[in-house]
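Novice: Quick one, protein25.cif (mmCIF, C-alpha atoms and all ligand atoms):
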```cif
data_final
loop_
_atom_site.label_atom_id
_atom_site.label_comp_id
_atom_site.auth_asym_id
_atom_site.auth_seq_id
_atom_site.Cartn_x
_atom_site.Cartn_y
_atom_site.Cartn_z
CA MET A 203 73.17 75.36 91.77
CA THR A 204 71.18 77.39 94.27
CA ALA A 205 67.91 79.20 93.87
CA HIS A 206 69.88 82.44 93.92
CA GLY A 207 71.19 81.76 90.44
CA LYS A 208 74.60 81.58 88.89
CA HIS A 209 75.81 84.92 90.26
CA LYS A 210 75.73 83.91 93.90
CA ALA A 211 79.04 84.95 95.44
CA ALA A 212 80.86 82.13 97.22
CA GLY A 213 81.72 82.77 100.86
CA THR A 214 82.83 85.99 102.49
CA LEU A 215 86.44 85.29 103.51
CA ALA A 216 88.13 88.00 101.40
CA LEU A 217 85.64 90.66 102.47
CA ASP A 218 85.89 89.67 106.15
CA LEU A 219 89.66 89.76 105.99
CA LEU A 220 89.82 93.20 104.37
CA ARG A 221 87.15 94.56 106.70
CA GLY A 222 89.17 93.29 109.67
CA GLU A 223 92.26 95.09 108.40
CA HIS A 224 90.23 98.26 107.92
CA GLN A 225 88.98 98.05 111.49
CA ARG A 226 92.50 97.60 112.82
CA VAL A 227 93.57 100.75 110.96
CA ARG A 228 90.54 102.70 112.19
CA ASN A 229 91.36 101.72 115.77
CA LEU A 230 94.98 102.87 115.41
CA PHE A 231 93.88 106.26 114.04
CA GLY A 232 91.29 106.47 116.83
CA GLU A 233 93.94 105.95 119.49
CA PHE A 234 96.24 108.48 117.83
CA ASP A 235 93.41 110.98 117.77
CA SER A 236 92.88 110.57 121.51
CA LEU A 237 96.55 111.56 122.10
CA LYS A 238 96.49 114.63 119.86
CA GLY A 239 97.75 117.75 121.63
CA LEU A 240 99.42 115.72 124.41
CA ASP A 241 103.13 116.49 124.17
CA ASP A 242 104.19 113.82 126.68
CA GLU A 243 102.77 111.04 124.51
CA ASP A 244 105.35 111.29 121.71
CA GLU A 245 106.66 107.77 122.23
CA ARG A 246 103.21 106.19 121.92
CA LYS A 247 102.38 108.43 118.94
CA ALA A 248 105.53 107.28 117.16
CA GLU A 249 104.63 103.63 117.82
CA LEU A 250 101.10 104.16 116.52
CA VAL A 251 102.30 105.86 113.36
CA ASP A 252 104.79 103.03 112.75
CA GLU A 253 101.93 100.55 113.09
CA ILE A 254 99.64 102.61 110.85
CA CYS A 255 102.29 102.82 108.12
CA TYR A 256 103.04 99.09 108.39
CA GLU A 257 99.37 98.06 108.30
CA LEU A 258 98.50 100.38 105.42
CA THR A 259 101.51 99.37 103.37
CA LEU A 260 100.68 95.65 103.66
CA HIS A 261 96.98 96.28 103.14
CA THR A 262 97.35 98.40 100.01
CA MET A 263 99.85 95.93 98.55
CA ILE A 264 97.62 92.87 98.87
CA GLU A 265 94.68 94.84 97.54
CA GLU A 266 96.60 96.12 94.54
CA GLU A 267 98.28 92.82 93.76
CA ILE A 268 95.34 90.48 94.25
CA PHE A 269 91.98 92.08 95.11
CA TYR A 270 91.84 95.00 92.67
CA PRO A 271 92.80 93.08 89.50
CA VAL A 272 90.06 90.51 90.18
CA LEU A 273 87.52 93.26 90.86
CA ARG A 274 88.50 95.36 87.88
CA SER A 275 87.84 92.52 85.49
CA ALA A 276 84.69 91.31 87.30
CA ILE A 277 82.70 94.47 88.04
CA GLY A 278 83.24 96.51 84.86
CA ASP A 279 83.59 99.86 86.67
CA ASP A 280 86.94 101.34 85.68
CA ASP A 281 86.08 104.75 87.17
CA LEU A 282 85.60 103.25 90.63
CA MET A 283 88.81 101.22 90.39
CA ASP A 284 90.82 104.14 88.98
CA GLU A 285 89.71 106.34 91.88
CA ALA A 286 90.73 103.63 94.34
CA ASP A 287 94.18 103.48 92.69
CA VAL A 288 94.58 107.25 93.02
CA GLU A 289 93.46 107.12 96.66
CA HIS A 290 96.07 104.46 97.37
CA ALA A 291 98.74 106.60 95.68
CA GLY A 292 97.69 109.55 97.87
CA ALA A 293 97.97 107.41 101.00
CA ARG A 294 101.42 106.16 99.92
CA GLU A 295 102.60 109.74 99.47
CA LEU A 296 101.53 110.70 103.02
CA ILE A 297 102.97 107.46 104.45
CA SER A 298 106.34 108.22 102.85
CA GLN A 299 106.28 111.67 104.46
CA LEU A 300 105.43 110.21 107.87
CA GLU A 301 108.21 107.64 107.62
CA VAL A 302 110.77 110.45 107.96
CA MET A 303 108.84 112.56 110.49
CA TYR A 304 108.73 112.42 114.29
CA PRO A 305 106.10 113.48 116.80
CA GLY A 306 106.67 117.13 117.58
CA ASP A 307 107.76 117.91 114.03
CA ASP A 308 105.92 120.70 112.29
CA HIS A 309 102.68 119.33 110.77
CA PHE A 310 103.19 115.82 112.20
CA ASP A 311 99.75 115.58 113.86
CA ALA A 312 98.13 117.26 110.84
CA THR A 313 99.72 114.76 108.43
CA VAL A 314 98.42 111.84 110.49
CA ALA A 315 94.98 113.46 110.69
CA VAL A 316 94.74 114.01 106.92
CA LEU A 317 95.94 110.46 106.22
CA GLY A 318 93.29 109.18 108.65
CA GLU A 319 90.53 111.20 106.98
CA GLU A 320 91.48 110.15 103.47
CA VAL A 321 91.97 106.49 104.36
CA GLY A 322 88.70 106.51 106.32
CA HIS A 323 86.80 107.82 103.32
CA HIS A 324 88.52 105.28 101.05
CA MET A 325 87.73 102.33 103.34
CA ASP A 326 84.08 103.38 103.66
CA LYS A 327 83.80 103.47 99.88
CA GLU A 328 85.44 100.06 99.55
CA GLU A 329 83.16 98.47 102.13
CA GLY A 330 80.12 100.08 100.51
CA GLU A 331 80.15 100.58 96.76
CA MET A 332 83.09 98.31 95.93
CA PHE A 333 82.16 95.31 98.10
CA ASP A 334 78.54 95.56 96.88
CA ALA A 335 79.69 95.45 93.26
CA ALA A 336 81.98 92.53 94.07
CA ARG A 337 79.11 90.58 95.66
CA ARG A 338 76.93 91.16 92.60
CA ALA A 339 79.74 89.92 90.34
CA GLY A 340 79.68 86.47 91.95
CA ILE A 341 83.34 86.38 92.95
CA ASP A 342 84.67 83.35 94.86
CA PHE A 343 85.55 85.17 98.09
CA GLU A 344 86.79 82.01 99.83
CA ARG A 345 89.53 81.39 97.30
CA LEU A 346 90.35 85.08 97.03
CA GLY A 347 90.54 85.32 100.83
CA GLU A 348 93.02 82.45 100.95
CA GLN A 349 95.18 84.19 98.33
CA LEU A 350 95.09 87.48 100.24
CA ALA A 351 96.01 85.80 103.53
CA ALA A 352 98.85 83.84 101.92
CA ARG A 353 100.33 86.93 100.27
CA ARG A 354 100.03 88.91 103.50
CA ALA A 355 101.88 86.19 105.42
CA GLU A 356 104.60 86.23 102.77
CA LEU A 357 105.00 90.01 103.02
CA GLU A 358 105.04 89.90 106.83
CA GLU A 359 107.85 87.38 106.64
CA ASP A 360 109.82 89.57 104.21
CA LEU A 361 109.41 92.54 106.52
CA SER A 362 110.50 90.65 109.63
CA SER A 363 113.75 89.50 108.00
CA PRO A 364 116.77 91.61 109.04
CA ALA A 365 116.99 93.41 105.70
CA GLY A 366 113.22 93.55 105.33
CA THR A 367 111.81 96.83 104.16
CA ILE A 368 109.15 97.86 101.72
CA ASP A 369 109.44 101.27 100.19
CA ALA A 370 105.95 102.76 100.39
CA MET A 371 106.66 104.93 97.36
CA GLU A 372 107.62 102.07 95.13
CA PRO A 373 104.88 101.47 92.57
CA HIS A 374 103.42 98.05 93.05
CA GLU A 375 103.03 96.05 89.92
CA GLY A 376 100.37 93.37 89.88
CA ALA A 377 101.57 90.18 91.55
CA ARG A 378 105.22 91.03 91.24
CA ARG A 379 106.96 87.72 91.88
CA ALA A 380 110.41 86.53 91.13
CA ARG A 381 110.53 85.12 87.65
CA ARG A 382 111.18 81.41 87.34
CA PRO A 383 114.56 80.73 85.82
CA PRO A 384 114.28 78.92 82.46
CA ASP A 385 114.73 75.16 82.74
FE FE B 401 92.04 100.09 99.66
#
```
What do you get writing this file as structure tokens?
Specialist:
Amino acid sequence: MTAHGKHKAAGTLALDLLRGEHQRVRNLFGEFDSLKGLDDEDERKAELVDEICYELTLHTMIEEEIFYPVLRSAIGDDDLMDEADVEHAGARELISQLEVMYPGDDHFDATVAVLGEEVGHHMDKEEGEMFDAARRAGIDFERLGEQLAARRAELEEDLSSPAGTIDAMEPHEGARRARRPPD
């Protein structure tokens, strides 16, 4: 027991991991932004949008399956968590539009820009209000970080298999795993 009392959060792994993913996404949007209006950069724009969609899909899935359920029960702020759910749904909607668009299409740049603005706002709120509440709730961030990393690795493996695809529009149920067959 430390002098900080029983609500001292353990470690920072989960928060570091999520913040790192946020930064990766911010960098991708930043690079896209620097190419806006350049018509000869379509190939790079397409690559960046593929990466953005991939990163955001994995990121929102591990948050919704593992991070959000823990937070919702620990911080007692359903309004904050409900808003985060709606923001994720909004991002998924724009991602699903981008998955069938190409650079040069009508509203392509605008769709990426709006996704970037909305996701940016969402990530700032997570890193601020949500992470602060999580720290106060005394969550074990080391253990949670290990769970997030393990689930991410599992999803990456699924996606790299030949048939691997995750439909961004599919609603993600909490920790949807294959059921164990009865013994
Ligand atoms: Fe999020």
Novice: Between chain A and ligand FE 401 (chain B), at 9 Å or less, what are the per-residue closest atom pairs and their distances in Å? Count all atoms listed in the file, order by chain and rising residue number, and return it as a Markdown table.
Specialist:
```
| residue | atom | partner | partner_atom | distance |
| --- | --- | --- | --- | --- |
| A:Leu220 | CA | B:FE401 | FE | 8.6 |
| A:His224 | CA | B:FE401 | FE | 8.7 |
| A:Leu258 | CA | B:FE401 | FE | 8.7 |
| A:His261 | CA | B:FE401 | FE | 7.1 |
| A:Thr262 | CA | B:FE401 | FE | 5.6 |
| A:Met263 | CA | B:FE401 | FE | 8.9 |
| A:Glu265 | CA | B:FE401 | FE | 6.2 |
| A:Glu266 | CA | B:FE401 | FE | 7.9 |
| A:Tyr270 | CA | B:FE401 | FE | 8.6 |
| A:Ala286 | CA | B:FE401 | FE | 6.5 |
| A:Asp287 | CA | B:FE401 | FE | 8.0 |
| A:Glu289 | CA | B:FE401 | FE | 7.8 |
| A:His290 | CA | B:FE401 | FE | 6.4 |
| A:Val321 | CA | B:FE401 | FE | 7.9 |
| A:His324 | CA | B:FE401 | FE | 6.4 |
| A:Met325 | CA | B:FE401 | FE | 6.1 |
| A:Lys327 | CA | B:FE401 | FE | 8.9 |
| A:Glu328 | CA | B:FE401 | FE | 6.6 |
```
Novice: Have a look at A:Glu329, A:Ile341, A:Gly278, A:Ala248 and name the one nearest to Leu300 of chain A; count only C-alpha atoms.
Specialist: A:Ala248
Novice: Quick one: axis-aligned box around all listed atoms of segment 275-287 of chain A, 3 Å on every side, centre and edge lengths in Å to one decimal, written as JSON.
Specialist:
```
{"center_x": 88.4, "center_y": 98.8, "center_z": 89.6, "size_x": 17.5, "size_y": 21.0, "size_z": 15.5}
```
Novice: Could you tell me how far atom CA of Ala291 of chain A sits from atom CA of Lys247 of chain A, in Å to one decimal place?
Specialist: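 Calculated distance between atom CA of Lys247 of chain A and atom CA of Ala291 of chain A is 23.6 Å.
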Novice: Grab the atom CA of Glu301 of chain A to atom CA of Gly347 of chain A distance for me, in Å with one decimal place.
Specialist: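 Computing the Euclidean distance for atom CA of Glu301 of chain A and atom CA of Gly347 of chain A yields 29.3 Å.
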Novice: Can you pull out the residues contacting Gln349 of chain A? Cut-off 12 Å, using all atoms listed in the file, and skip same-chain residues under 3 positions away; I want them as a list in words.
Specialist: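 Neighbouring residues, sequence-local ones excluded: Leu215, Ala216, Leu219, Ile264, Glu265, Glu267, Ile268, Phe269, Val272, Asp342, Phe343, Glu344, Arg345, Leu346, Ala352, Arg353, Arg354, Ala355, Glu356 and Ala377 of chain A.
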Novice: Of the candidates A:Ala276, A:Val288, A:Leu240, A:Met332, which one gets nearest to Glu320 of chain A if we count only C-alpha atoms?
Specialist: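 Closest residue, counting only C-alpha atoms: A:Val288.
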Novice: When you draw a straight line from atom CA of Leu361 of chain A to atom CA of Glu295 of chain A, how long is it in Å?
Specialist: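 Straight-line distance from atom CA of Leu361 of chain A to atom CA of Glu295 of chain A works out to 19.8 Å.
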Novice: Would you please work out which residue, of A:Val227, A:Gly213, A:Ala315, A:Asp334, is nearest to Leu260 of chain A when using all atoms listed in the file?
Specialist: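 Result for the nearest residue to Leu260 of chain A: A:Val227.
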Novice: Could you tell me which of A:Tyr256, A:Phe333, A:Tyr304, A:Phe231 comes closest to Leu317 of chain A if we count only C-alpha atoms?
Specialist: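 Smallest separation from Leu317 of chain A among the options: A:Phe231.
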Novice: If you count all atoms listed in the file, which residues fall within 10 Å of Thr313 of chain A, apart from same-chain ones fewer than 3 positions away, as number ranges by chain?
Specialist: A: 296-297, 299-300, 303, 308-310, 316-319
Novice: I need the residue nearest Glu358 of chain A from this list: A:Thr259, A:Asp235, A:Glu249, A:Asn229. Use all atoms listed in the file for the distance.
Specialist: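 Answer, going by the shortest atom-to-atom distance: A:Thr259.
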Novice: For Gly340 of chain A, which of A:Lys238, A:Leu230, A:Glu359, A:Ile277 is the closest residue, counting only C-alpha atoms?
Specialist: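 Among the listed residues, the smallest separation from Gly340 of chain A belongs to A:Ile277.
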